[in-house]
>>> print(open('model.txt').read())   # compact mmCIF, C-alpha atoms and all ligand atoms
# COMPACT_ATOMS: atom_id res chain seq x y z
CA MET A 24 -58.74 -27.07 -58.55
CA TRP A 25 -55.66 -27.47 -60.74
CA ASN A 26 -54.31 -24.10 -59.57
CA SER A 27 -54.73 -24.91 -55.93
CA ARG A 28 -52.91 -28.25 -56.40
CA ARG A 29 -50.12 -26.49 -58.18
CA ARG A 30 -49.86 -23.90 -55.37
CA ARG A 31 -49.68 -26.68 -52.77
CA CYS A 32 -46.96 -28.38 -54.80
CA ASP A 33 -44.94 -25.16 -55.11
CA LYS A 34 -45.26 -24.61 -51.38
CA MET A 35 -43.90 -28.09 -50.66
CA VAL A 36 -40.93 -27.51 -52.97
CA ASP A 37 -40.28 -24.15 -51.25
CA GLU A 38 -40.35 -25.85 -47.84
CA LEU A 39 -37.89 -28.47 -49.04
CA HIS A 40 -35.51 -25.78 -50.26
CA LYS A 41 -35.73 -24.01 -46.91
CA GLN A 42 -34.55 -27.12 -45.01
CA PRO A 43 -30.77 -27.08 -44.53
CA ARG A 44 -28.96 -29.58 -46.74
CA PRO A 45 -27.24 -32.10 -44.44
CA ILE A 46 -23.51 -31.44 -44.72
CA LEU A 47 -22.27 -34.07 -42.29
CA ASN A 48 -22.71 -37.79 -42.59
CA LEU A 49 -22.97 -39.06 -39.02
CA PRO A 50 -23.53 -42.83 -38.83
CA GLN A 51 -26.40 -43.77 -36.50
CA LYS A 52 -27.00 -40.15 -35.46
CA PHE A 53 -30.34 -39.16 -33.96
CA VAL A 54 -32.12 -35.92 -33.22
CA SER A 55 -33.80 -35.01 -29.95
CA ASP A 56 -35.45 -31.63 -29.27
CA GLY A 57 -33.74 -30.21 -32.35
CA VAL A 58 -30.24 -31.27 -31.23
CA THR A 59 -28.34 -33.82 -33.31
CA PHE A 60 -26.48 -36.44 -31.29
CA PRO A 61 -23.69 -38.70 -32.58
CA GLY A 62 -24.35 -42.44 -32.95
CA TYR A 63 -22.66 -43.38 -29.68
CA VAL A 64 -25.25 -41.51 -27.62
CA ARG A 65 -28.05 -43.65 -26.21
CA LYS A 66 -31.26 -43.35 -28.16
CA ASP A 67 -33.40 -43.34 -24.99
CA LEU A 68 -31.46 -40.32 -23.73
CA LYS A 69 -34.33 -38.31 -22.23
CA GLU A 70 -35.97 -41.23 -20.40
CA SER A 71 -32.73 -42.66 -19.05
CA ILE A 72 -31.46 -39.27 -17.87
CA GLU A 73 -34.67 -38.95 -15.82
CA LYS A 74 -33.87 -42.27 -14.15
CA PHE A 75 -30.15 -41.65 -13.61
CA GLU A 76 -29.20 -41.94 -9.94
CA CYS A 77 -27.57 -38.81 -8.60
CA ARG A 78 -25.54 -39.00 -5.46
CA ASP A 79 -24.26 -36.54 -2.87
CA ASP A 80 -21.77 -33.96 -3.97
CA ASP A 81 -18.80 -35.50 -2.13
CA VAL A 82 -18.87 -38.62 -4.27
CA CYS A 83 -19.84 -37.30 -7.68
CA VAL A 84 -17.98 -34.87 -9.94
CA TYR A 85 -18.95 -34.08 -13.54
CA VAL A 86 -16.68 -32.61 -16.20
CA VAL A 87 -18.95 -31.12 -18.85
CA THR A 88 -18.03 -29.37 -22.09
CA TYR A 89 -19.07 -28.61 -25.63
CA PRO A 90 -16.93 -31.20 -27.51
CA LYS A 91 -13.32 -30.26 -28.23
CA SER A 92 -13.06 -27.68 -25.44
CA GLY A 93 -10.30 -29.44 -23.49
CA THR A 94 -12.35 -32.19 -21.82
CA THR A 95 -9.63 -34.85 -21.86
CA TRP A 96 -7.10 -32.42 -20.41
CA ALA A 97 -9.44 -31.22 -17.65
CA ILE A 98 -10.47 -34.80 -16.78
CA GLU A 99 -6.83 -35.78 -16.40
CA MET A 100 -6.30 -32.85 -14.01
CA VAL A 101 -9.49 -33.43 -12.01
CA SER A 102 -8.89 -37.18 -11.67
CA LEU A 103 -5.37 -36.59 -10.39
CA ILE A 104 -6.56 -33.96 -7.92
CA LEU A 105 -9.12 -36.45 -6.61
CA ASN A 106 -6.71 -39.41 -6.40
CA ASN A 107 -3.80 -37.51 -4.80
CA ALA A 108 -1.71 -37.36 -7.97
CA ASP A 109 -1.64 -41.11 -8.49
CA THR A 110 -0.30 -40.86 -12.05
CA GLU A 111 0.54 -44.57 -12.04
CA TYR A 112 -3.15 -45.39 -11.70
CA ASN A 113 -4.04 -43.04 -14.55
CA LEU A 114 -1.38 -44.60 -16.74
CA SER A 115 -2.66 -48.10 -15.98
CA LYS A 116 -6.04 -47.63 -17.75
CA GLU A 117 -7.39 -45.70 -20.73
CA GLN A 118 -9.20 -42.55 -19.69
CA PHE A 119 -12.44 -43.74 -21.30
CA ALA A 120 -12.43 -46.76 -18.96
CA ARG A 121 -11.68 -44.66 -15.87
CA VAL A 122 -14.10 -41.81 -16.57
CA LEU A 123 -17.27 -42.86 -18.32
CA VAL A 124 -19.31 -40.77 -20.71
CA LEU A 125 -22.73 -40.38 -19.10
CA GLU A 126 -24.74 -40.41 -22.32
CA MET A 127 -22.84 -43.16 -24.16
CA ARG A 128 -24.39 -46.48 -25.11
CA LEU A 129 -23.06 -48.57 -27.99
CA GLU A 130 -25.78 -51.03 -28.98
CA PHE A 131 -23.37 -53.30 -30.84
CA ALA A 132 -21.11 -53.53 -27.77
CA GLN A 133 -24.09 -54.48 -25.58
CA ARG A 134 -24.83 -57.43 -27.86
CA ILE A 135 -21.35 -58.93 -27.58
CA LYS A 136 -20.47 -57.81 -24.03
CA PHE A 137 -21.62 -60.92 -22.20
CA ILE A 138 -20.19 -63.42 -24.70
CA PHE A 139 -16.89 -61.56 -24.44
CA LEU A 140 -17.06 -61.56 -20.64
CA VAL A 141 -17.61 -65.33 -20.55
CA ILE A 142 -14.69 -65.97 -22.92
CA TYR A 143 -12.52 -63.64 -20.87
CA ARG A 144 -13.38 -65.33 -17.55
CA LEU A 145 -13.07 -68.89 -18.83
CA LEU A 146 -10.26 -68.81 -21.32
CA THR A 147 -7.83 -65.98 -20.61
CA TRP A 148 -5.54 -68.17 -18.55
CA LEU A 149 -4.90 -70.22 -21.71
CA MET A 150 -3.86 -67.16 -23.71
CA PRO A 151 -0.42 -65.64 -24.14
CA ARG A 152 0.20 -62.51 -22.06
CA SER A 153 -0.11 -60.09 -24.98
CA LEU A 154 -3.52 -61.49 -25.95
CA GLN A 155 -4.63 -61.32 -22.30
CA GLU A 156 -3.75 -57.60 -22.29
CA THR A 157 -5.71 -57.03 -25.51
CA MET A 158 -8.72 -58.90 -24.07
CA LYS A 159 -8.50 -56.80 -20.90
CA TYR A 160 -8.49 -53.62 -22.97
CA TRP A 161 -11.54 -54.64 -25.03
CA LEU A 162 -13.40 -55.79 -21.95
CA ALA A 163 -12.82 -52.39 -20.31
CA ALA A 164 -14.00 -50.67 -23.51
CA LEU A 165 -17.14 -52.84 -23.66
CA MET A 166 -17.98 -52.16 -20.00
CA ALA A 167 -17.52 -48.41 -20.55
CA SER A 168 -19.79 -48.46 -23.58
CA ASP A 169 -22.95 -48.13 -21.49
CA GLY A 170 -22.15 -45.15 -19.29
CA MET A 171 -25.31 -44.92 -17.20
CA THR A 172 -25.66 -48.61 -16.39
CA TYR A 173 -22.05 -48.81 -15.27
CA LEU A 174 -22.22 -45.55 -13.32
CA ASN A 175 -25.43 -46.62 -11.59
CA SER A 176 -23.68 -49.79 -10.42
CA MET A 177 -20.65 -47.96 -8.99
CA THR A 178 -20.40 -47.68 -5.22
CA THR A 179 -17.23 -45.57 -5.03
CA ARG A 180 -16.70 -41.92 -5.98
CA ARG A 181 -17.71 -41.21 -9.55
CA LEU A 182 -16.02 -38.85 -11.93
CA ILE A 183 -18.27 -38.47 -14.97
CA LYS A 184 -17.69 -37.02 -18.44
CA SER A 185 -20.48 -35.46 -20.46
CA HIS A 186 -21.05 -33.20 -23.44
CA LEU A 187 -24.77 -32.79 -22.81
CA PRO A 188 -26.40 -29.40 -23.29
CA CYS A 189 -27.76 -28.07 -20.01
CA ASN A 190 -31.42 -28.82 -20.85
CA PHE A 191 -30.53 -32.53 -21.29
CA PHE A 192 -28.41 -32.76 -18.12
CA PRO A 193 -29.83 -34.71 -15.12
CA ARG A 194 -31.95 -32.15 -13.21
CA LYS A 195 -31.29 -34.07 -10.01
CA ALA A 196 -27.52 -33.50 -10.38
CA LEU A 197 -28.10 -29.75 -10.57
CA GLU A 198 -30.59 -29.77 -7.71
CA LYS A 199 -28.47 -32.01 -5.48
CA LYS A 200 -25.63 -29.63 -6.14
CA CYS A 201 -23.17 -32.26 -7.40
CA LYS A 202 -19.88 -30.64 -8.34
CA ILE A 203 -19.71 -29.71 -12.01
CA VAL A 204 -16.65 -28.45 -13.87
CA TYR A 205 -17.63 -26.79 -17.16
CA ILE A 206 -14.76 -26.08 -19.55
CA LEU A 207 -15.20 -23.39 -22.21
CA ARG A 208 -13.05 -22.76 -25.25
CA ASN A 209 -13.35 -19.97 -27.80
CA PRO A 210 -15.77 -21.09 -30.53
CA LYS A 211 -13.46 -20.63 -33.50
CA ASP A 212 -10.75 -22.94 -32.15
CA THR A 213 -13.40 -25.32 -30.85
CA TYR A 214 -14.95 -25.65 -34.31
CA VAL A 215 -11.55 -26.12 -35.95
CA SER A 216 -10.70 -28.86 -33.46
CA TYR A 217 -14.13 -30.42 -34.09
CA TYR A 218 -13.40 -30.38 -37.84
CA TYR A 219 -10.34 -32.61 -37.28
CA PHE A 220 -12.33 -34.81 -34.91
CA HIS A 221 -14.85 -35.36 -37.70
CA LYS A 222 -11.98 -36.42 -39.93
CA ASN A 223 -10.51 -39.02 -37.60
CA ASN A 224 -13.59 -40.48 -35.90
CA TRP A 225 -15.88 -43.20 -37.27
CA PHE A 226 -18.95 -41.85 -35.45
CA HIS A 227 -18.36 -38.54 -37.20
CA GLY A 228 -18.21 -40.17 -40.61
CA PHE A 229 -14.44 -39.81 -41.32
CA TYR A 230 -15.31 -36.44 -42.84
CA ASP A 231 -13.23 -35.68 -45.92
CA LYS A 232 -14.63 -32.44 -47.28
CA PRO A 233 -12.88 -29.10 -46.92
CA TRP A 234 -13.12 -26.73 -43.96
CA SER A 235 -15.37 -24.32 -45.90
CA GLU A 236 -18.13 -26.98 -45.99
CA PHE A 237 -17.67 -27.81 -42.33
CA TYR A 238 -17.87 -24.12 -41.47
CA LYS A 239 -21.35 -24.07 -43.05
CA ALA A 240 -22.38 -27.00 -40.84
CA CYS A 241 -21.19 -24.98 -37.80
CA VAL A 242 -23.21 -21.87 -38.57
CA GLU A 243 -26.23 -23.85 -39.77
CA LYS A 244 -26.34 -25.60 -36.36
CA GLN A 245 -25.81 -29.06 -37.85
CA LEU A 246 -23.03 -30.22 -35.53
CA PRO A 247 -23.49 -33.10 -33.11
CA TYR A 248 -24.36 -31.83 -29.60
CA GLY A 249 -25.77 -28.74 -31.28
CA ASP A 250 -24.65 -25.20 -31.61
CA TRP A 251 -21.73 -23.86 -29.56
CA PHE A 252 -23.66 -20.72 -28.56
CA ASP A 253 -26.71 -22.67 -27.37
CA HIS A 254 -24.53 -25.07 -25.37
CA VAL A 255 -22.28 -22.49 -23.74
CA LEU A 256 -24.96 -19.89 -23.03
CA GLY A 257 -27.32 -22.59 -21.75
CA TRP A 258 -24.75 -23.62 -19.14
CA TRP A 259 -23.55 -20.08 -18.48
CA LYS A 260 -26.96 -19.32 -16.94
CA HIS A 261 -25.59 -21.21 -13.93
CA ASN A 262 -22.61 -18.91 -13.60
CA GLY A 263 -22.22 -17.81 -9.99
CA GLU A 264 -23.70 -21.01 -8.53
CA LYS A 265 -21.45 -22.52 -5.90
CA ASN A 266 -21.44 -26.06 -7.30
CA ILE A 267 -20.32 -25.13 -10.83
CA CYS A 268 -16.82 -24.10 -11.76
CA PHE A 269 -16.40 -22.46 -15.18
CA LEU A 270 -12.87 -22.62 -16.52
CA LYS A 271 -11.62 -21.45 -19.89
CA TYR A 272 -9.24 -23.48 -22.05
CA GLU A 273 -7.34 -20.30 -22.87
CA ASP A 274 -6.75 -19.66 -19.13
CA MET A 275 -5.62 -23.26 -18.65
CA LYS A 276 -3.12 -22.71 -21.47
CA ARG A 277 -1.88 -19.35 -20.20
CA ASN A 278 -1.39 -20.47 -16.62
CA PRO A 279 -1.82 -24.22 -16.02
CA ARG A 280 -0.73 -23.91 -12.38
CA ALA A 281 -3.40 -21.31 -11.64
CA ALA A 282 -5.98 -23.53 -13.41
CA LEU A 283 -4.92 -26.47 -11.25
CA GLU A 284 -5.29 -24.32 -8.12
CA THR A 285 -8.76 -23.19 -9.22
CA LEU A 286 -9.82 -26.80 -9.72
CA SER A 287 -8.32 -28.11 -6.49
CA SER A 288 -9.87 -25.36 -4.42
CA PHE A 289 -13.25 -25.97 -6.10
CA LEU A 290 -12.91 -29.69 -5.31
CA GLU A 291 -11.77 -28.82 -1.76
CA LYS A 292 -8.55 -30.80 -2.09
CA ASP A 293 -5.21 -29.53 -0.81
CA LEU A 294 -2.32 -30.30 -3.12
CA SER A 295 1.28 -30.43 -1.96
CA GLU A 296 3.85 -28.67 -4.12
CA GLU A 297 5.19 -32.06 -5.14
CA ALA A 298 1.74 -33.34 -6.17
CA ALA A 299 0.99 -30.17 -8.15
CA THR A 300 4.26 -30.43 -10.06
CA LYS A 301 3.61 -34.10 -10.80
CA ILE A 302 0.10 -33.35 -12.12
CA LEU A 303 1.28 -30.45 -14.28
CA GLU A 304 4.00 -32.58 -15.80
CA HIS A 305 1.56 -35.45 -16.51
CA CYS A 306 -0.98 -33.03 -18.03
CA SER A 307 1.37 -31.02 -20.22
CA PHE A 308 0.46 -31.10 -23.90
CA GLU A 309 3.71 -32.87 -24.85
CA SER A 310 3.23 -35.54 -22.23
CA MET A 311 -0.46 -36.12 -23.06
CA LYS A 312 0.32 -36.34 -26.75
CA LYS A 313 2.59 -39.33 -26.03
CA ASN A 314 0.32 -40.89 -23.40
CA ARG A 315 -1.47 -43.93 -24.87
CA THR A 316 -4.18 -43.85 -22.18
CA VAL A 317 -5.44 -40.47 -23.45
CA ASN A 318 -4.28 -40.01 -27.05
CA MET A 319 -6.66 -42.65 -28.51
CA SER A 320 -3.85 -44.49 -30.28
CA VAL A 321 -5.14 -47.81 -28.91
CA ASN A 322 -8.75 -47.04 -29.79
CA THR A 323 -8.33 -48.18 -33.38
CA PHE A 324 -11.92 -49.39 -33.57
CA VAL A 325 -13.26 -45.82 -33.66
CA PHE A 326 -10.26 -43.63 -34.53
CA ASP A 327 -8.05 -43.40 -37.58
CA LEU A 328 -5.29 -41.14 -36.32
CA LYS A 329 -3.53 -41.12 -39.67
CA ARG A 330 -6.26 -38.69 -40.77
CA ALA A 331 -5.68 -36.36 -37.78
CA ALA A 332 -4.30 -36.70 -34.26
CA PHE A 333 -6.68 -36.65 -31.29
CA ILE A 334 -4.28 -34.66 -29.08
CA ARG A 335 -3.51 -32.53 -32.09
CA LYS A 336 -2.08 -29.00 -31.75
CA GLY A 337 -3.32 -27.77 -28.40
CA THR A 338 -2.95 -24.08 -29.20
CA VAL A 339 -4.99 -20.90 -29.00
CA GLY A 340 -5.61 -19.25 -32.38
CA ASP A 341 -5.40 -22.17 -34.81
CA TRP A 342 -8.63 -20.79 -36.32
CA GLU A 343 -6.46 -18.20 -38.11
CA ASN A 344 -5.10 -21.02 -40.26
CA HIS A 345 -8.64 -22.06 -41.31
CA PHE A 346 -11.18 -19.21 -41.33
CA THR A 347 -11.16 -17.04 -44.45
CA VAL A 348 -11.44 -13.28 -43.98
CA ALA A 349 -15.12 -13.44 -45.03
CA GLU A 350 -15.90 -16.37 -42.72
CA ASN A 351 -14.21 -14.57 -39.85
CA ALA A 352 -16.13 -11.34 -40.44
CA ALA A 353 -19.47 -13.17 -40.64
CA PHE A 354 -18.67 -15.27 -37.57
CA GLN A 355 -17.58 -12.23 -35.57
CA GLU A 356 -20.91 -10.57 -36.34
CA LEU A 357 -22.77 -13.66 -35.18
CA TYR A 358 -20.58 -13.90 -32.07
CA ASP A 359 -21.15 -10.25 -31.12
CA LYS A 360 -24.89 -10.63 -31.54
CA LYS A 361 -25.17 -13.88 -29.58
CA MET A 362 -22.77 -13.02 -26.77
CA LYS A 363 -24.02 -9.48 -26.18
CA GLY A 364 -24.95 -8.97 -22.57
CA SER A 365 -23.75 -12.43 -21.48
CA GLY A 366 -20.69 -11.08 -19.67
CA LEU A 367 -18.62 -13.83 -21.28
CA ASN A 368 -15.53 -13.02 -23.36
CA PHE A 369 -12.79 -15.10 -24.95
CA ASP A 370 -9.19 -14.58 -26.00
CA MET A 371 -9.08 -15.72 -29.61
S1 LIG B 401 -13.37 -34.52 -26.82
O1 LIG B 401 -13.31 -35.48 -27.96
O2 LIG B 401 -14.55 -33.63 -26.96
O3 LIG B 401 -13.32 -35.16 -25.54
O4 LIG B 401 -12.07 -33.60 -27.05
P1 LIG B 401 -11.45 -32.61 -25.97
O5 LIG B 401 -10.57 -33.37 -25.08
O6 LIG B 401 -12.53 -31.79 -25.35
O7 LIG B 401 -10.62 -31.60 -26.85
C1 LIG B 401 -9.48 -31.97 -27.60
C2 LIG B 401 -8.65 -30.71 -27.78
O8 LIG B 401 -7.95 -30.44 -26.55
C3 LIG B 401 -6.54 -30.39 -26.84
N1 LIG B 401 -5.75 -30.87 -25.69
C4 LIG B 401 -4.85 -30.11 -25.06
N2 LIG B 401 -4.48 -28.83 -25.22
C5 LIG B 401 -3.51 -28.36 -24.41
N3 LIG B 401 -2.90 -29.09 -23.44
C6 LIG B 401 -3.25 -30.38 -23.24
N4 LIG B 401 -2.66 -31.09 -22.29
C7 LIG B 401 -4.28 -30.93 -24.07
N5 LIG B 401 -4.86 -32.15 -24.15
C8 LIG B 401 -5.76 -32.09 -25.13
C9 LIG B 401 -6.41 -31.31 -28.04
O9 LIG B 401 -5.18 -31.14 -28.70
C10 LIG B 401 -7.60 -30.86 -28.87
O10 LIG B 401 -7.44 -29.56 -29.42
P2 LIG B 401 -6.82 -29.29 -30.88
O11 LIG B 401 -7.02 -27.81 -31.11
O12 LIG B 401 -7.58 -30.12 -31.84
O13 LIG B 401 -5.38 -29.64 -30.80
>>> encode(input="model.txt", output="structure tokens")
Amino acid sequence: MWNSRRRRCDKMVDELHKQPRPILNLPQKFVSDGVTFPGYVRKDLKESIEKFECRDDDVCVYVVTYPKSGTTWAIEMVSLILNNADTEYNLSKEQFARVLVLEMRLEFAQRIKFIFLVIYRLLTWLMPRSLQETMKYWLAALMASDGMTYLNSMTTRRLIKSHLPCNFFPRKALEKKCKIVYILRNPKDTYVSYYYFHKNNWFHGFYDKPWSEFYKACVEKQLPYGDWFDHVLGWWKHNGEKNICFLKYEDMKRNPRAALETLSSFLEKDLSEEAATKILEHCSFESMKKNRTVNMSVNTFVFDLKRAAFIRKGTVGDWENHFTVAENAAFQELYDKKMKGSGLNFDM
């Protein structure tokens, strides 16, 4: 009797030791089907995705990525292709208010949204211009904070951002053959970029431990939105389907003009030479770094850019400044094993 109790106790301790120690502190995170999601993702994700209205392909375009793969850059390009290079429009509104994140829902924002709306409607005319502008910004942010509700109410063409793994993505969107742009970036640079994003973002806990700890979280599959390999290979199963365009960050870097042509032909939009030049100028790294509608400098509620910039380095190969020789060797082994037979390769 005593022995069997003792054995049970030892077994429980063993089990506890086997569970990975949480490395990241993600406020309000939740786990669904083994994937950790950051606190800004709606908690009723699975049910609401089932109910999400999907429309015909000519009015709905998704830009999907594993986080930190060049989403903001690609969205800027796609939106300008769709709106005939109307850079003035893009500069008039933050990207997060123009292109909503499908899976986002901030509970706190929902609670104050209507009070804020009433104040805005009734009292803005009494306010000085600068305060009116601030109110307008916060109102846009509050409206964008429930992606699906807002997107369901839209009657015009929708450009939608998402980081969802393929098995969480609306089935109807895949079946209806909505256009999907999936951006891929080599995993080492993606993880390094994600490390800095954890440092500067409230939802990622303003992470302040060294890279070596974060690296463990990467290989132990503890990152929000899950493991890079699962995400990328899950989506890559759709390679070759007409409605999905796979584009690599490294190719966008090497030849932005060719990347723009790939996207415009996928979206069936002809671009004049003048429009293409305008888009490329607007989307250059230097220009996006300064652009307040994409660099998160106004989003002080969530970001602390003193810790790390959002539009940070924008290079290929920054991993060399972070991975140790041992980390690189171990990661390469993992990479070779996981990617074998996938037909997918990266410049790193
Ligand atoms: S997010 O938070 O997931 O939406 O981030 P995401 O936009 O996917 O990725 C951010 C990284 O993309 C880089 N970036 C660019 N690189 C080159 N050219 C342009 N125009 C550009 N815009 C954004 C950005 O700097 C982040 O990468 P790192 O390596 O951190 O610099």
>>> residues_around(input="model.txt", residues="Arg181 of chain A", least_positions_apart="2", cutoff="9 Å", atoms="all atoms listed in the file", output="VMD selection string")
chain A and resid 82 to 85 122 to 123 174 177 to 179 183
>>> atom_distance(input="model.txt", atom1="atom CA of Lys222 of chain A", atom2="atom CA of Leu47 of chain A")
10.8 Å
>>> axis_aligned_box(input="model.txt", around="segment 198-214 of chain A", padding_each_side="5 Å", output="AutoDock Vina command-line options")
--center_x -20.7 --center_y -26.1 --center_z -19.9 --size_x 29.8 --size_y 22.3 --size_z 38.8
>>> residues_near_ligand(input="model.txt", ligand="ligand LIG 401 (chain B)", cutoff="6 Å", atoms="all atoms listed in the file", output="VMD selection string")
chain A and resid 90 to 96 216 306 to 308 311 334 to 338
>>> closest_residue(input="model.txt", among="A:Leu49, A:Met171, A:Val54, A:Met100", to="Lys74 of chain A", atoms="all atoms listed in the file")
A:Met171
>>> atom_distance(input="model.txt", atom1="atom CA of Met362 of chain A", atom2="atom CA of Trp259 of chain A")
10.9 Å
>>> closest_atom_pairs(input="model.txt", of="segment 85-178 of chain A", to="segment 319-331 of chain A", cutoff="10 Å", atoms="all atoms listed in the file", output="tab-separated table")
residue	atom	partner	partner_atom	distance
A:Glu117	CA	A:Met319	CA	8.4
A:Gln118	CA	A:Met319	CA	9.2
A:Phe119	CA	A:Met319	CA	9.3
A:Thr157	CA	A:Val321	CA	9.8
A:Tyr160	CA	A:Val321	CA	9.0
A:Trp161	CA	A:Asn322	CA	9.4
A:Ala164	CA	A:Asn322	CA	9.0
>>> atom_distance(input="model.txt", atom1="atom CA of Gly228 of chain A", atom2="atom CA of Pro50 of chain A")
6.2 Å
>>> build_atoms(input="model.txt", residues="segment 323-330 of chain A", atoms="all heavy atoms", output="mmCIF file, in the coordinates of the input")
data_model
loop_
_atom_site.group_PDB
_atom_site.id
_atom_site.type_symbol
_atom_site.label_atom_id
_atom_site.label_comp_id
_atom_site.auth_asym_id
_atom_site.auth_seq_id
_atom_site.Cartn_x
_atom_site.Cartn_y
_atom_site.Cartn_z
ATOM 1 N N THR A 323 -8.340 -48.116 -31.912
ATOM 2 C CA THR A 323 -8.330 -48.180 -33.380
ATOM 3 C C THR A 323 -9.679 -48.547 -33.973
ATOM 4 O O THR A 323 -9.900 -48.416 -35.169
ATOM 5 C CB THR A 323 -7.291 -49.225 -33.849
ATOM 6 O OG1 THR A 323 -7.530 -50.408 -33.093
ATOM 7 C CG2 THR A 323 -5.880 -48.761 -33.640
ATOM 8 N N PHE A 324 -10.592 -49.003 -33.113
ATOM 9 C CA PHE A 324 -11.920 -49.390 -33.570
ATOM 10 C C PHE A 324 -12.703 -48.153 -34.043
ATOM 11 O O PHE A 324 -13.450 -48.200 -35.011
ATOM 12 C CB PHE A 324 -12.645 -50.064 -32.403
ATOM 13 C CG PHE A 324 -13.869 -50.810 -32.803
ATOM 14 C CD1 PHE A 324 -13.791 -51.868 -33.686
ATOM 15 C CD2 PHE A 324 -15.106 -50.460 -32.280
ATOM 16 C CE1 PHE A 324 -14.931 -52.560 -34.055
ATOM 17 C CE2 PHE A 324 -16.250 -51.151 -32.648
ATOM 18 C CZ PHE A 324 -16.160 -52.207 -33.535
ATOM 19 N N VAL A 325 -12.491 -47.042 -33.363
ATOM 20 C CA VAL A 325 -13.260 -45.820 -33.660
ATOM 21 C C VAL A 325 -12.404 -44.759 -34.356
ATOM 22 O O VAL A 325 -12.892 -44.008 -35.192
ATOM 23 C CB VAL A 325 -13.844 -45.251 -32.335
ATOM 24 C CG1 VAL A 325 -14.510 -43.911 -32.561
ATOM 25 C CG2 VAL A 325 -14.850 -46.220 -31.735
ATOM 26 N N PHE A 326 -11.108 -44.707 -34.018
ATOM 27 C CA PHE A 326 -10.260 -43.630 -34.530
ATOM 28 C C PHE A 326 -9.315 -44.079 -35.636
ATOM 29 O O PHE A 326 -8.768 -45.175 -35.571
ATOM 30 C CB PHE A 326 -9.407 -43.036 -33.402
ATOM 31 C CG PHE A 326 -10.189 -42.148 -32.480
ATOM 32 C CD1 PHE A 326 -10.831 -42.663 -31.369
ATOM 33 C CD2 PHE A 326 -10.307 -40.789 -32.733
ATOM 34 C CE1 PHE A 326 -11.579 -41.849 -30.533
ATOM 35 C CE2 PHE A 326 -11.041 -39.967 -31.902
ATOM 36 C CZ PHE A 326 -11.679 -40.501 -30.804
ATOM 37 N N ASP A 327 -9.117 -43.211 -36.611
ATOM 38 C CA ASP A 327 -8.050 -43.400 -37.580
ATOM 39 C C ASP A 327 -7.156 -42.179 -37.466
ATOM 40 O O ASP A 327 -7.413 -41.130 -38.065
ATOM 41 C CB ASP A 327 -8.634 -43.531 -38.994
ATOM 42 C CG ASP A 327 -7.532 -43.708 -40.033
ATOM 43 O OD1 ASP A 327 -6.348 -43.664 -39.647
ATOM 44 O OD2 ASP A 327 -7.854 -43.884 -41.218
ATOM 45 N N LEU A 328 -6.114 -42.319 -36.653
ATOM 46 C CA LEU A 328 -5.290 -41.140 -36.320
ATOM 47 C C LEU A 328 -4.334 -40.739 -37.440
ATOM 48 O O LEU A 328 -3.645 -39.725 -37.330
ATOM 49 C CB LEU A 328 -4.536 -41.376 -35.002
ATOM 50 C CG LEU A 328 -5.431 -41.613 -33.785
ATOM 51 C CD1 LEU A 328 -4.597 -41.769 -32.521
ATOM 52 C CD2 LEU A 328 -6.452 -40.495 -33.580
ATOM 53 N N LYS A 329 -4.331 -41.545 -38.513
ATOM 54 C CA LYS A 329 -3.530 -41.120 -39.670
ATOM 55 C C LYS A 329 -4.212 -39.920 -40.330
ATOM 56 O O LYS A 329 -3.583 -39.091 -40.957
ATOM 57 C CB LYS A 329 -3.395 -42.259 -40.684
ATOM 58 C CG LYS A 329 -2.426 -43.338 -40.216
ATOM 59 C CD LYS A 329 -1.982 -44.254 -41.322
ATOM 60 C CE LYS A 329 -2.963 -45.293 -41.769
ATOM 61 N NZ LYS A 329 -3.711 -46.112 -40.855
ATOM 62 N N ARG A 330 -5.523 -39.824 -40.173
ATOM 63 C CA ARG A 330 -6.260 -38.690 -40.770
ATOM 64 C C ARG A 330 -6.042 -37.414 -39.978
ATOM 65 O O ARG A 330 -5.981 -36.336 -40.545
ATOM 66 C CB ARG A 330 -7.766 -38.998 -40.796
ATOM 67 C CG ARG A 330 -8.128 -40.141 -41.735
ATOM 68 C CD ARG A 330 -9.521 -40.646 -41.409
ATOM 69 N NE ARG A 330 -9.815 -41.861 -42.131
ATOM 70 C CZ ARG A 330 -10.467 -41.895 -43.292
ATOM 71 N NH1 ARG A 330 -10.923 -40.808 -43.833
ATOM 72 N NH2 ARG A 330 -10.669 -43.044 -43.892
#
